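Data file: upload_0.cif. Format and content: mmCIF, C-alpha atoms and all ligand atoms.
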```cif
data_work
loop_
_atom_site.group_PDB
_atom_site.id
_atom_site.type_symbol
_atom_site.label_atom_id
_atom_site.label_comp_id
_atom_site.auth_asym_id
_atom_site.auth_seq_id
_atom_site.Cartn_x
_atom_site.Cartn_y
_atom_site.Cartn_z
ATOM 1 C CA MET A 1 -29.030 100.056 94.017
ATOM 2 C CA ILE A 2 -28.773 97.117 96.409
ATOM 3 C CA PRO A 3 -25.272 95.613 96.246
ATOM 4 C CA THR A 4 -24.945 92.115 94.825
ATOM 5 C CA ILE A 5 -22.384 89.610 96.002
ATOM 6 C CA THR A 6 -21.509 86.203 94.628
ATOM 7 C CA ALA A 7 -21.476 83.014 96.670
ATOM 8 C CA PHE A 8 -21.177 79.278 96.069
ATOM 9 C CA ALA A 9 -24.323 77.707 94.650
ATOM 10 C CA MET A 10 -23.257 74.571 96.549
ATOM 11 C CA SER A 11 -20.650 75.226 99.203
ATOM 12 C CA PRO A 12 -18.275 72.317 99.937
ATOM 13 C CA ASP A 13 -18.653 72.962 103.687
ATOM 14 C CA GLY A 14 -22.414 72.500 103.626
ATOM 15 C CA GLY A 15 -23.050 76.153 104.445
ATOM 16 C CA GLN A 16 -21.139 76.145 107.727
ATOM 17 C CA GLY A 17 -19.750 79.667 107.367
ATOM 18 C CA LEU A 18 -16.358 78.763 105.894
ATOM 19 C CA ALA A 19 -16.802 80.244 102.436
ATOM 20 C CA ARG A 20 -15.662 83.846 102.404
ATOM 21 C CA ASP A 21 -18.992 85.375 101.411
ATOM 22 C CA MET A 22 -19.743 84.836 105.124
ATOM 23 C CA ARG A 23 -17.559 87.864 105.961
ATOM 24 C CA LEU A 24 -19.507 90.061 103.596
ATOM 25 C CA ARG A 25 -22.866 88.792 104.805
ATOM 26 C CA TRP A 26 -21.841 89.440 108.399
ATOM 27 C CA ALA A 27 -20.650 92.970 107.567
ATOM 28 C CA PHE A 28 -23.868 93.715 105.667
ATOM 29 C CA GLU A 29 -25.879 92.515 108.647
ATOM 30 C CA GLU A 30 -23.849 94.556 111.148
ATOM 31 C CA VAL A 31 -24.489 97.755 109.211
ATOM 32 C CA ARG A 32 -28.059 96.772 108.267
ATOM 33 C CA GLN A 33 -27.419 97.107 104.532
ATOM 34 C CA PRO A 34 -29.664 94.844 102.429
ATOM 35 C CA TYR A 35 -27.853 92.854 99.745
ATOM 36 C CA ASP A 36 -28.577 90.455 96.935
ATOM 37 C CA VAL A 37 -26.706 87.243 96.281
ATOM 38 C CA ARG A 38 -25.946 85.717 92.894
ATOM 39 C CA LEU A 39 -25.111 82.052 93.310
ATOM 40 C CA VAL A 40 -22.430 80.646 91.025
ATOM 41 C CA SER A 41 -21.351 77.120 90.217
ATOM 42 C CA PHE A 42 -17.685 76.122 89.942
ATOM 43 C CA LYS A 43 -18.167 76.063 86.159
ATOM 44 C CA GLN A 44 -19.592 79.590 86.104
ATOM 45 C CA MET A 45 -16.674 80.810 88.216
ATOM 46 C CA ARG A 46 -14.343 79.944 85.300
ATOM 47 C CA GLU A 47 -16.399 81.803 82.695
ATOM 48 C CA PRO A 48 -15.243 85.154 81.252
ATOM 49 C CA SER A 49 -18.106 87.110 82.818
ATOM 50 C CA HIS A 50 -17.067 85.974 86.300
ATOM 51 C CA LEU A 51 -13.347 86.298 85.582
ATOM 52 C CA ALA A 52 -13.992 89.918 84.614
ATOM 53 C CA LEU A 53 -15.208 90.441 88.182
ATOM 54 C CA GLN A 54 -12.787 88.115 89.958
ATOM 55 C CA PRO A 55 -9.564 87.467 88.024
ATOM 56 C CA PHE A 56 -8.793 84.313 90.047
ATOM 57 C CA GLY A 57 -12.158 82.692 89.410
ATOM 58 C CA GLN A 58 -13.247 82.789 93.036
ATOM 59 C CA ILE A 59 -16.063 84.025 95.220
ATOM 60 C CA PRO A 60 -16.969 86.442 96.699
ATOM 61 C CA THR A 61 -17.385 89.487 94.481
ATOM 62 C CA TYR A 62 -19.257 92.724 95.072
ATOM 63 C CA GLU A 63 -21.146 94.893 92.596
ATOM 64 C CA GLU A 64 -22.893 98.166 93.282
ATOM 65 C CA ASP A 65 -23.782 100.635 90.535
ATOM 66 C CA ASP A 66 -20.601 100.989 88.481
ATOM 67 C CA LEU A 67 -18.316 99.622 91.199
ATOM 68 C CA ALA A 68 -17.109 96.022 91.110
ATOM 69 C CA LEU A 69 -14.818 94.640 93.823
ATOM 70 C CA PHE A 70 -13.192 91.353 94.716
ATOM 71 C CA GLU A 71 -11.186 90.185 97.767
ATOM 72 C CA SER A 72 -13.286 89.712 100.881
ATOM 73 C CA GLY A 73 -11.008 91.972 102.953
ATOM 74 C CA ALA A 74 -11.305 94.844 100.479
ATOM 75 C CA ILE A 75 -15.074 94.428 100.325
ATOM 76 C CA VAL A 76 -15.518 94.404 104.107
ATOM 77 C CA PHE A 77 -13.239 97.443 104.296
ATOM 78 C CA HIS A 78 -15.344 99.190 101.649
ATOM 79 C CA LEU A 79 -18.542 98.470 103.587
ATOM 80 C CA ALA A 80 -16.946 99.585 106.842
ATOM 81 C CA GLN A 81 -15.918 102.897 105.285
ATOM 82 C CA ARG A 82 -19.309 103.509 103.709
ATOM 83 C CA HIS A 83 -21.477 102.666 106.711
ATOM 84 C CA PRO A 84 -21.217 103.510 110.391
ATOM 85 C CA GLY A 85 -20.795 100.646 112.840
ATOM 86 C CA LEU A 86 -17.701 98.721 111.802
ATOM 87 C CA LEU A 87 -14.914 101.265 112.287
ATOM 88 C CA PRO A 88 -14.438 103.844 115.041
ATOM 89 C CA ASP A 89 -14.823 107.558 114.203
ATOM 90 C CA ASP A 90 -11.571 108.588 115.878
ATOM 91 C CA ALA A 91 -8.845 108.550 113.200
ATOM 92 C CA ASN A 92 -6.227 106.723 115.268
ATOM 93 C CA ALA A 93 -8.669 104.130 116.605
ATOM 94 C CA ARG A 94 -9.897 103.621 113.033
ATOM 95 C CA ALA A 95 -6.358 103.055 111.781
ATOM 96 C CA ARG A 96 -5.782 100.495 114.520
ATOM 97 C CA ALA A 97 -9.002 98.630 113.732
ATOM 98 C CA ILE A 98 -7.925 98.520 110.073
ATOM 99 C CA THR A 99 -4.544 97.201 111.203
ATOM 100 C CA TRP A 100 -6.357 94.263 112.814
ATOM 101 C CA MET A 101 -8.126 93.529 109.524
ATOM 102 C CA PHE A 102 -4.716 93.197 107.880
ATOM 103 C CA ALA A 103 -3.363 91.161 110.790
ATOM 104 C CA ALA A 104 -6.287 88.754 110.456
ATOM 105 C CA LEU A 105 -5.704 88.259 106.730
ATOM 106 C CA ASN A 106 -1.951 88.478 106.541
ATOM 107 C CA THR A 107 -0.569 87.173 109.801
ATOM 108 C CA MET A 108 -3.274 84.791 111.031
ATOM 109 C CA GLU A 109 -5.062 83.500 107.951
ATOM 110 C CA LEU A 110 -1.935 82.449 106.079
ATOM 111 C CA PRO A 111 -0.750 79.694 108.454
ATOM 112 C CA ILE A 112 -4.341 78.721 109.250
ATOM 113 C CA VAL A 113 -5.213 78.139 105.593
ATOM 114 C CA GLU A 114 -1.977 76.205 105.031
ATOM 115 C CA PHE A 115 -2.828 73.984 107.996
ATOM 116 C CA ASP A 116 -6.409 73.522 106.830
ATOM 117 C CA GLN A 117 -5.510 72.798 103.211
ATOM 118 C CA ALA A 118 -2.499 70.507 103.702
ATOM 119 C CA PRO A 119 -4.524 67.263 104.025
ATOM 120 C CA PHE A 120 -6.079 67.920 100.592
ATOM 121 C CA VAL A 121 -2.863 69.050 98.940
ATOM 122 C CA VAL A 122 -0.199 66.712 100.352
ATOM 123 C CA GLY A 123 -2.209 64.234 102.438
ATOM 124 C CA ASP A 124 -0.832 61.281 100.457
ATOM 125 C CA ARG A 125 2.879 62.131 100.922
ATOM 126 C CA PRO A 126 5.023 59.980 103.238
ATOM 127 C CA TRP A 127 6.139 63.066 105.226
ATOM 128 C CA PHE A 128 2.597 64.318 105.724
ATOM 129 C CA LYS A 129 2.349 63.667 109.476
ATOM 130 C CA GLU A 130 5.590 65.492 110.296
ATOM 131 C CA PHE A 131 4.601 68.334 107.982
ATOM 132 C CA MET A 132 1.221 68.688 109.691
ATOM 133 C CA ALA A 133 2.950 68.889 113.068
ATOM 134 C CA VAL A 134 5.066 71.771 111.757
ATOM 135 C CA LEU A 135 2.021 73.580 110.354
ATOM 136 C CA GLU A 136 0.112 73.005 113.578
ATOM 137 C CA ASP A 137 2.968 74.534 115.571
ATOM 138 C CA ARG A 138 2.999 77.578 113.329
ATOM 139 C CA VAL A 139 -0.712 78.081 113.929
ATOM 140 C CA ARG A 140 -0.220 77.595 117.662
ATOM 141 C CA ILE A 141 2.491 80.263 117.745
ATOM 142 C CA ARG A 142 0.110 82.785 116.200
ATOM 143 C CA LEU A 143 -2.795 81.772 118.437
ATOM 144 C CA ASN A 144 -0.577 82.112 121.482
ATOM 145 C CA GLU A 145 0.463 85.619 120.439
ATOM 146 C CA LEU A 146 -3.076 86.658 119.648
ATOM 147 C CA SER A 147 -4.317 85.230 122.952
ATOM 148 C CA ARG A 148 -1.631 87.145 124.836
ATOM 149 C CA ARG A 149 -2.624 90.397 123.137
ATOM 150 C CA LEU A 150 -6.382 89.920 123.585
ATOM 151 C CA GLY A 151 -5.983 89.139 127.285
ATOM 152 C CA ASP A 152 -9.327 89.526 129.024
ATOM 153 C CA ALA A 153 -10.664 92.151 126.604
ATOM 154 C CA ASP A 154 -13.901 91.504 124.742
ATOM 155 C CA TRP A 155 -12.566 92.760 121.403
ATOM 156 C CA LEU A 156 -9.161 93.465 119.900
ATOM 157 C CA GLU A 157 -9.253 97.259 119.996
ATOM 158 C CA GLY A 158 -11.985 98.799 122.112
ATOM 159 C CA ALA A 159 -15.450 98.255 120.624
ATOM 160 C CA PHE A 160 -16.298 95.496 118.147
ATOM 161 C CA SER A 161 -14.946 96.431 114.708
ATOM 162 C CA ALA A 162 -14.289 95.104 111.219
ATOM 163 C CA GLY A 163 -10.959 93.901 112.659
ATOM 164 C CA ASP A 164 -12.819 91.520 114.982
ATOM 165 C CA LEU A 165 -15.164 90.481 112.195
ATOM 166 C CA MET A 166 -12.250 89.460 110.010
ATOM 167 C CA MET A 167 -10.329 87.817 112.843
ATOM 168 C CA ILE A 168 -13.289 85.726 113.986
ATOM 169 C CA THR A 169 -14.053 84.506 110.477
ATOM 170 C CA VAL A 170 -10.382 83.548 110.125
ATOM 171 C CA LEU A 171 -10.344 81.673 113.450
ATOM 172 C CA HIS A 172 -13.586 79.938 112.449
ATOM 173 C CA ARG A 173 -11.538 78.029 109.884
ATOM 174 C CA LEU A 174 -9.954 76.138 112.815
ATOM 175 C CA ASP A 175 -13.313 74.784 113.993
ATOM 176 C CA GLY A 176 -13.010 71.104 114.693
ATOM 177 C CA SER A 177 -9.227 71.202 115.108
ATOM 178 C CA GLY A 178 -9.395 71.888 118.857
ATOM 179 C CA LEU A 179 -6.626 74.479 118.503
ATOM 180 C CA VAL A 180 -8.618 77.597 119.402
ATOM 181 C CA GLU A 181 -9.997 75.772 122.464
ATOM 182 C CA GLU A 182 -6.439 75.531 123.820
ATOM 183 C CA TYR A 183 -6.754 79.283 124.460
ATOM 184 C CA PRO A 184 -9.901 79.871 126.531
ATOM 185 C CA ASN A 185 -9.894 83.641 125.943
ATOM 186 C CA LEU A 186 -9.758 83.089 122.166
ATOM 187 C CA ALA A 187 -12.494 80.474 122.306
ATOM 188 C CA ALA A 188 -14.643 82.927 124.289
ATOM 189 C CA TYR A 189 -13.778 85.700 121.806
ATOM 190 C CA VAL A 190 -14.898 83.610 118.837
ATOM 191 C CA ALA A 191 -18.064 82.547 120.689
ATOM 192 C CA ARG A 192 -18.769 86.216 121.537
ATOM 193 C CA GLY A 193 -18.515 87.166 117.879
ATOM 194 C CA LYS A 194 -20.668 84.275 116.729
ATOM 195 C CA ALA A 195 -23.322 85.162 119.307
ATOM 196 C CA ARG A 196 -23.861 88.552 117.691
ATOM 197 C CA PRO A 197 -27.311 88.715 116.067
ATOM 198 C CA ALA A 198 -25.732 89.945 112.817
ATOM 199 C CA TYR A 199 -23.467 86.871 112.680
ATOM 200 C CA ARG A 200 -26.429 84.586 113.308
ATOM 201 C CA ARG A 201 -28.459 86.191 110.511
ATOM 202 C CA ALA A 202 -25.499 85.933 108.125
ATOM 203 C CA PHE A 203 -24.849 82.307 109.062
ATOM 204 C CA ASP A 204 -28.504 81.353 108.649
ATOM 205 C CA ALA A 205 -28.645 83.035 105.236
ATOM 206 C CA GLN A 206 -25.574 81.165 104.021
ATOM 207 C CA LEU A 207 -26.843 77.864 105.406
ATOM 208 C CA ALA A 208 -30.258 78.425 103.766
ATOM 209 C CA VAL A 209 -28.557 78.468 100.353
ATOM 210 C CA PHE A 210 -27.070 75.036 100.956
ATOM 211 C CA ILE A 211 -30.331 73.609 102.330
ATOM 212 C CA ALA A 212 -32.287 74.920 99.322
ATOM 213 C CA ALA A 213 -29.688 73.511 96.896
ATOM 214 C CA SER A 214 -29.791 70.118 98.624
ATOM 215 C CA ASN A 215 -33.605 69.936 98.457
ATOM 216 C CA PRO A 216 -34.426 71.152 94.946
HETATM 217 N N1 LIG B 1 -8.391 86.126 98.975
HETATM 218 C C1 LIG B 1 -9.682 85.835 98.443
HETATM 219 C C2 LIG B 1 -10.754 86.561 99.240
HETATM 220 O O1 LIG B 1 -10.539 86.769 100.441
HETATM 221 O O2 LIG B 1 -11.808 86.946 98.682
HETATM 222 C C3 LIG B 1 -9.878 84.333 98.481
HETATM 223 C C4 LIG B 1 -11.206 83.925 97.916
HETATM 224 C C5 LIG B 1 -11.369 82.414 98.002
HETATM 225 O O3 LIG B 1 -10.491 81.670 98.476
HETATM 226 N N2 LIG B 1 -12.513 81.945 97.539
HETATM 227 C C6 LIG B 1 -12.803 80.540 97.566
HETATM 228 C C7 LIG B 1 -13.084 80.059 96.165
HETATM 229 O O4 LIG B 1 -13.738 80.721 95.401
HETATM 230 C C8 LIG B 1 -14.041 80.311 98.421
HETATM 231 S S1 LIG B 1 -13.794 80.797 100.100
HETATM 232 N N3 LIG B 1 -12.580 78.872 95.837
HETATM 233 C C9 LIG B 1 -12.834 78.258 94.575
HETATM 234 C C10 LIG B 1 -11.634 78.217 93.707
HETATM 235 O O5 LIG B 1 -10.594 78.812 94.060
HETATM 236 O O6 LIG B 1 -11.747 77.578 92.670
HETATM 237 C C11 LIG B 1 -12.606 79.536 100.691
HETATM 238 C C12 LIG B 1 -13.280 78.306 101.207
HETATM 239 C C13 LIG B 1 -14.180 77.628 100.476
HETATM 240 C C14 LIG B 1 -14.767 76.462 100.992
HETATM 241 C C15 LIG B 1 -14.397 76.006 102.228
HETATM 242 N N4 LIG B 1 -14.972 74.811 102.719
HETATM 243 O O7 LIG B 1 -15.940 74.329 102.138
HETATM 244 O O8 LIG B 1 -14.502 74.273 103.691
HETATM 245 C C16 LIG B 1 -13.475 76.701 102.949
HETATM 246 C C17 LIG B 1 -12.929 77.867 102.449
#
```
Could you show the structure in this file as structure tokens?
Ligand code: GTB
Amino acid sequence: MIPTITAFAMSPDGGQGLARDMRLRWAFEEVRQPYDVRLVSFKQMREPSHLALQPFGQIPTYEEDDLALFESGAIVFHLAQRHPGLLPDDANARARAITWMFAALNTMELPIVEFDQAPFVVGDRPWFKEFMAVLEDRVRIRLNELSRRLGDADWLEGAFSAGDLMMITVLHRLDGSGLVEEYPNLAAYVARGKARPAYRRAFDAQLAVFIAASNP
């Protein structure tokens, strides 16, 4: 059975790769696994049938035969374990690539999402500007550390892996902020990831959903 994922019927970012189904699409494309997409509206995401799949009423989800998953990191990990191409064969190298998946989600994504979301959540508060400066600094600290570790390597741990896939989708959230560009090796790293044919195919597929929804 071809796996089915869920994605926004109308993504708020206009299909620019920010919604987290992008990670799954990219992973599917890297391992050349065909997939189906079920588009859901915000209303459908609150309905019992979707909540049974995703208890927090979010996308993406994953269904294949009698397996249903949620959490983009868990789904990419599942794909990487099932298919060759996203995790090294050597046990130690594999464990380190998995470590980078966690680092992307736990250590990098947290401050990045806080920074990205703050204008929507507290943009009208009198202390907003000072707060944003604090959040920006926290992101910068992490970018600086990541930049130092990456150095002049192409990827975080040897060959391209699911760790890079997750990290690049996390850093993508900073597009337009100018923060990644302060670290030329990180900017080049993100560009390298986005230049991969699998990323391009995934991006185009996500964008096509938005274009189709905008031109019914
Ligand atoms: N931890 C979960 C995972 O990794 O799967 C988080 C899933 C999640 O945040 N899903 C978001 C969602 O369903 C979409 S991706 N939100 C709806 C809701 O909570 O009601 C996050 C996202 C969406 C859109 C933009 N954008 O348009 O800029 C950016 C990020």
Task: Residue with smallest distance to ligand LIG 1 (chain B) - pool A:Asp65, A:Asp175, A:Glu29, A:Glu136, counting all atoms listed in the file - done: A:Asp175
List every residue of chain A that has an atom at most 7 Å from any atom of ligand LIG 1 (chain B), and for each one report the closest atom pair and its distance in Å to one decimal, counting only C-alpha atoms and all ligand atoms, with rows sorted by chain and then by increasing residue number, as a tab-separated table.
```
residue	atom	partner	partner_atom	distance
A:Ser11	CA	B:LIG1	O7	5.6
A:Pro12	CA	B:LIG1	O7	3.8
A:Asp13	CA	B:LIG1	O7	3.4
A:Gly14	CA	B:LIG1	O7	6.9
A:Leu18	CA	B:LIG1	C16	4.6
A:Ala19	CA	B:LIG1	S1	3.8
A:Arg20	CA	B:LIG1	S1	4.3
A:Phe42	CA	B:LIG1	O6	6.7
A:Gly57	CA	B:LIG1	O6	6.1
A:Gln58	CA	B:LIG1	O4	3.2
A:Ile59	CA	B:LIG1	O4	4.0
A:Pro60	CA	B:LIG1	O2	5.6
A:Phe70	CA	B:LIG1	O2	6.1
A:Glu71	CA	B:LIG1	O2	3.4
A:Ser72	CA	B:LIG1	O2	3.8
A:Gly73	CA	B:LIG1	O1	5.8
```
Using only C-alpha atoms, please write the residues we just selected to a file, as a CSV table (one decimal), in the coordinates of the input.
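Result went into again_11.csv, see below:
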```csv
chain,number,residue,atom,x,y,z
A,11,SER,CA,-20.6,75.2,99.2
A,12,PRO,CA,-18.3,72.3,99.9
A,13,ASP,CA,-18.7,73.0,103.7
A,14,GLY,CA,-22.4,72.5,103.6
A,18,LEU,CA,-16.4,78.8,105.9
A,19,ALA,CA,-16.8,80.2,102.4
A,20,ARG,CA,-15.7,83.8,102.4
A,42,PHE,CA,-17.7,76.1,89.9
A,57,GLY,CA,-12.2,82.7,89.4
A,58,GLN,CA,-13.2,82.8,93.0
A,59,ILE,CA,-16.1,84.0,95.2
A,60,PRO,CA,-17.0,86.4,96.7
A,70,PHE,CA,-13.2,91.4,94.7
A,71,GLU,CA,-11.2,90.2,97.8
A,72,SER,CA,-13.3,89.7,100.9
A,73,GLY,CA,-11.0,92.0,103.0
```
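The shortest atom-to-atom distance to Thr107 of chain A, with all atoms listed in the file taken into account, belongs to A:Val170 out of A:Leu51, A:Ala80, A:Val170, A:Val134.
Applied to the file shown here, the PyMOL selection byres (((chain A and resi 66) around 12) and not hetatm) selects the residues Met1, Pro3, Thr4, Leu53, Tyr62, Glu63, Glu64, Asp65, Leu67, Ala68 and Leu69 of chain A.
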Task: Gap from atom CA of Leu146 of chain A to atom CA of Tyr183 of chain A - Å, one decimal - done: 9.5 Å
Could you give me, as a compact mmCIF listing (two decimals) with C-alpha atoms, keeping the file's coordinate frame, the residues that sit within 12 Å of (-21.1, 80.9, 117.0) in the file's coordinates, counting only C-alpha atoms?
```
# COMPACT_ATOMS: atom_id res chain seq x y z
CA GLN A 16 -21.14 76.14 107.73
CA GLY A 17 -19.75 79.67 107.37
CA ILE A 168 -13.29 85.73 113.99
CA THR A 169 -14.05 84.51 110.48
CA LEU A 171 -10.34 81.67 113.45
CA HIS A 172 -13.59 79.94 112.45
CA ASP A 175 -13.31 74.78 113.99
CA ALA A 187 -12.49 80.47 122.31
CA ALA A 188 -14.64 82.93 124.29
CA TYR A 189 -13.78 85.70 121.81
CA VAL A 190 -14.90 83.61 118.84
CA ALA A 191 -18.06 82.55 120.69
CA ARG A 192 -18.77 86.22 121.54
CA GLY A 193 -18.52 87.17 117.88
CA LYS A 194 -20.67 84.28 116.73
CA ALA A 195 -23.32 85.16 119.31
CA ARG A 196 -23.86 88.55 117.69
CA PRO A 197 -27.31 88.72 116.07
CA ALA A 198 -25.73 89.94 112.82
CA TYR A 199 -23.47 86.87 112.68
CA ARG A 200 -26.43 84.59 113.31
CA ARG A 201 -28.46 86.19 110.51
CA ALA A 202 -25.50 85.93 108.12
CA PHE A 203 -24.85 82.31 109.06
CA ASP A 204 -28.50 81.35 108.65
```
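Coordinates place atom CA of Arg149 of chain A at a distance of 10.3 Å from atom CA of Leu186 of chain A.
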- [ ] Run the PyMOL selection byres (((chain A and resi 82-89) around 8) and not hetatm) on the file and write out the hits as a VMD selection string.
- [x] chain A and resid 27 30 to 31 78 to 81 90 to 91 93 to 94 97 to 98 159 to 162
Open item on the list: Neighbouring residues of Asn106 of chain A were defined as those with any atom within 12 Å, considering all atoms listed in the file; residues of the same chain fewer than 3 positions away were excluded. Please report them as a PyMOL selection string.
Closed with: chain A and resi 73+99-103+109-113+142+166-167+170
Open item on the list: Just the number, please: distance in Å from atom CA of Phe56 of chain A to atom CA of Asp21 of chain A, one decimal.
Closed with: 15.3 Å
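Residues in contact range of Glu182 of chain A, defined as at most 10 Å between all atoms listed in the file, with sequence neighbours fewer than 5 positions away removed, read Arg140, Leu143, Asn144, Ser147 and Ala187 of chain A.
Residue nearest Leu156 of chain A, chosen from A:Ala104, A:Lys129, A:Asp124, A:Pro184 and counting all atoms listed in the file: A:Ala104.
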Task: Cut-off 7 Å around (-24.2, 88.1, 96.3) with only C-alpha atoms: residues as a ChimeraX atom specification - done: /A:4-7,35-39,62
Using the selection just defined, write its residues with C-alpha atoms as a tab-separated table (two decimals), keeping the file's coordinate frame.
```
chain	number	residue	atom	x	y	z
A	4	THR	CA	-24.94	92.12	94.82
A	5	ILE	CA	-22.38	89.61	96.00
A	6	THR	CA	-21.51	86.20	94.63
A	7	ALA	CA	-21.48	83.01	96.67
A	35	TYR	CA	-27.85	92.85	99.74
A	36	ASP	CA	-28.58	90.46	96.94
A	37	VAL	CA	-26.71	87.24	96.28
A	38	ARG	CA	-25.95	85.72	92.89
A	39	LEU	CA	-25.11	82.05	93.31
A	62	TYR	CA	-19.26	92.72	95.07
```
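Minimum distance to Leu165 of chain A across A:Met132, A:Val76, A:Val40, A:Ala9 (counting all atoms listed in the file) occurs at A:Val76.
For the residues A:Met10, A:Val139, A:Leu105, A:Met22, ranking by smallest atom-to-atom distance to Leu174 of chain A using all atoms listed in the file places A:Val139 first.
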If I only have part of segment 91-98 of chain A, can you fill in all heavy atoms and write it as a PDB file, keeping the file's coordinate frame?
```
ATOM      1  N   ALA A  91      -9.750 108.950 114.290  1.00  0.00           N
ATOM      2  CA  ALA A  91      -8.845 108.550 113.200  1.00  0.00           C
ATOM      3  C   ALA A  91      -7.819 107.499 113.640  1.00  0.00           C
ATOM      4  O   ALA A  91      -7.563 106.528 112.909  1.00  0.00           O
ATOM      5  CB  ALA A  91      -8.141 109.779 112.636  1.00  0.00           C
ATOM      6  N   ASN A  92      -7.245 107.679 114.825  1.00  0.00           N
ATOM      7  CA  ASN A  92      -6.227 106.723 115.268  1.00  0.00           C
ATOM      8  C   ASN A  92      -6.843 105.363 115.595  1.00  0.00           C
ATOM      9  O   ASN A  92      -6.290 104.311 115.236  1.00  0.00           O
ATOM     10  CB  ASN A  92      -5.479 107.255 116.495  1.00  0.00           C
ATOM     11  CG  ASN A  92      -4.488 108.339 116.119  1.00  0.00           C
ATOM     12  OD1 ASN A  92      -4.323 108.661 114.939  1.00  0.00           O
ATOM     13  ND2 ASN A  92      -3.842 108.917 117.114  1.00  0.00           N
ATOM     14  N   ALA A  93      -7.993 105.390 116.266  1.00  0.00           N
ATOM     15  CA  ALA A  93      -8.669 104.130 116.605  1.00  0.00           C
ATOM     16  C   ALA A  93      -9.089 103.406 115.317  1.00  0.00           C
ATOM     17  O   ALA A  93      -9.009 102.177 115.212  1.00  0.00           O
ATOM     18  CB  ALA A  93      -9.883 104.413 117.493  1.00  0.00           C
ATOM     19  N   ARG A  94      -9.490 104.189 114.334  1.00  0.00           N
ATOM     20  CA  ARG A  94      -9.897 103.621 113.033  1.00  0.00           C
ATOM     21  C   ARG A  94      -8.698 102.938 112.360  1.00  0.00           C
ATOM     22  O   ARG A  94      -8.790 101.818 111.852  1.00  0.00           O
ATOM     23  CB  ARG A  94     -10.398 104.789 112.172  1.00  0.00           C
ATOM     24  CG  ARG A  94     -11.218 104.419 110.978  1.00  0.00           C
ATOM     25  CD  ARG A  94     -11.689 105.729 110.321  1.00  0.00           C
ATOM     26  NE  ARG A  94     -12.482 105.462 109.159  1.00  0.00           N
ATOM     27  CZ  ARG A  94     -13.796 105.305 109.169  1.00  0.00           C
ATOM     28  NH1 ARG A  94     -14.471 105.407 110.293  1.00  0.00           N
ATOM     29  NH2 ARG A  94     -14.455 105.039 108.060  1.00  0.00           N
ATOM     30  N   ALA A  95      -7.568 103.626 112.399  1.00  0.00           N
ATOM     31  CA  ALA A  95      -6.358 103.055 111.781  1.00  0.00           C
ATOM     32  C   ALA A  95      -5.965 101.759 112.483  1.00  0.00           C
ATOM     33  O   ALA A  95      -5.513 100.800 111.838  1.00  0.00           O
ATOM     34  CB  ALA A  95      -5.221 104.073 111.840  1.00  0.00           C
ATOM     35  N   ARG A  96      -6.160 101.708 113.788  1.00  0.00           N
ATOM     36  CA  ARG A  96      -5.782 100.495 114.520  1.00  0.00           C
ATOM     37  C   ARG A  96      -6.755  99.349 114.223  1.00  0.00           C
ATOM     38  O   ARG A  96      -6.348  98.198 114.094  1.00  0.00           O
ATOM     39  CB  ARG A  96      -5.681 100.778 116.022  1.00  0.00           C
ATOM     40  CG  ARG A  96      -4.500 101.704 116.346  1.00  0.00           C
ATOM     41  CD  ARG A  96      -4.088 101.615 117.784  1.00  0.00           C
ATOM     42  NE  ARG A  96      -3.775 100.278 118.226  1.00  0.00           N
ATOM     43  CZ  ARG A  96      -2.597  99.663 118.025  1.00  0.00           C
ATOM     44  NH1 ARG A  96      -1.640 100.294 117.377  1.00  0.00           N
ATOM     45  NH2 ARG A  96      -2.402  98.448 118.473  1.00  0.00           N
ATOM     46  N   ALA A  97      -8.030  99.675 114.084  1.00  0.00           N
ATOM     47  CA  ALA A  97      -9.002  98.630 113.732  1.00  0.00           C
ATOM     48  C   ALA A  97      -8.683  98.070 112.341  1.00  0.00           C
ATOM     49  O   ALA A  97      -8.758  96.857 112.099  1.00  0.00           O
ATOM     50  CB  ALA A  97     -10.424  99.201 113.785  1.00  0.00           C
ATOM     51  N   ILE A  98      -8.293  98.960 111.433  1.00  0.00           N
ATOM     52  CA  ILE A  98      -7.925  98.520 110.073  1.00  0.00           C
ATOM     53  C   ILE A  98      -6.673  97.638 110.140  1.00  0.00           C
ATOM     54  O   ILE A  98      -6.555  96.641 109.421  1.00  0.00           O
ATOM     55  CB  ILE A  98      -7.729  99.748 109.149  1.00  0.00           C
ATOM     56  CG1 ILE A  98      -9.064 100.469 108.952  1.00  0.00           C
ATOM     57  CG2 ILE A  98      -7.130  99.337 107.810  1.00  0.00           C
ATOM     58  CD1 ILE A  98      -8.943 101.871 108.367  1.00  0.00           C
TER      59      ILE A  98
END
```
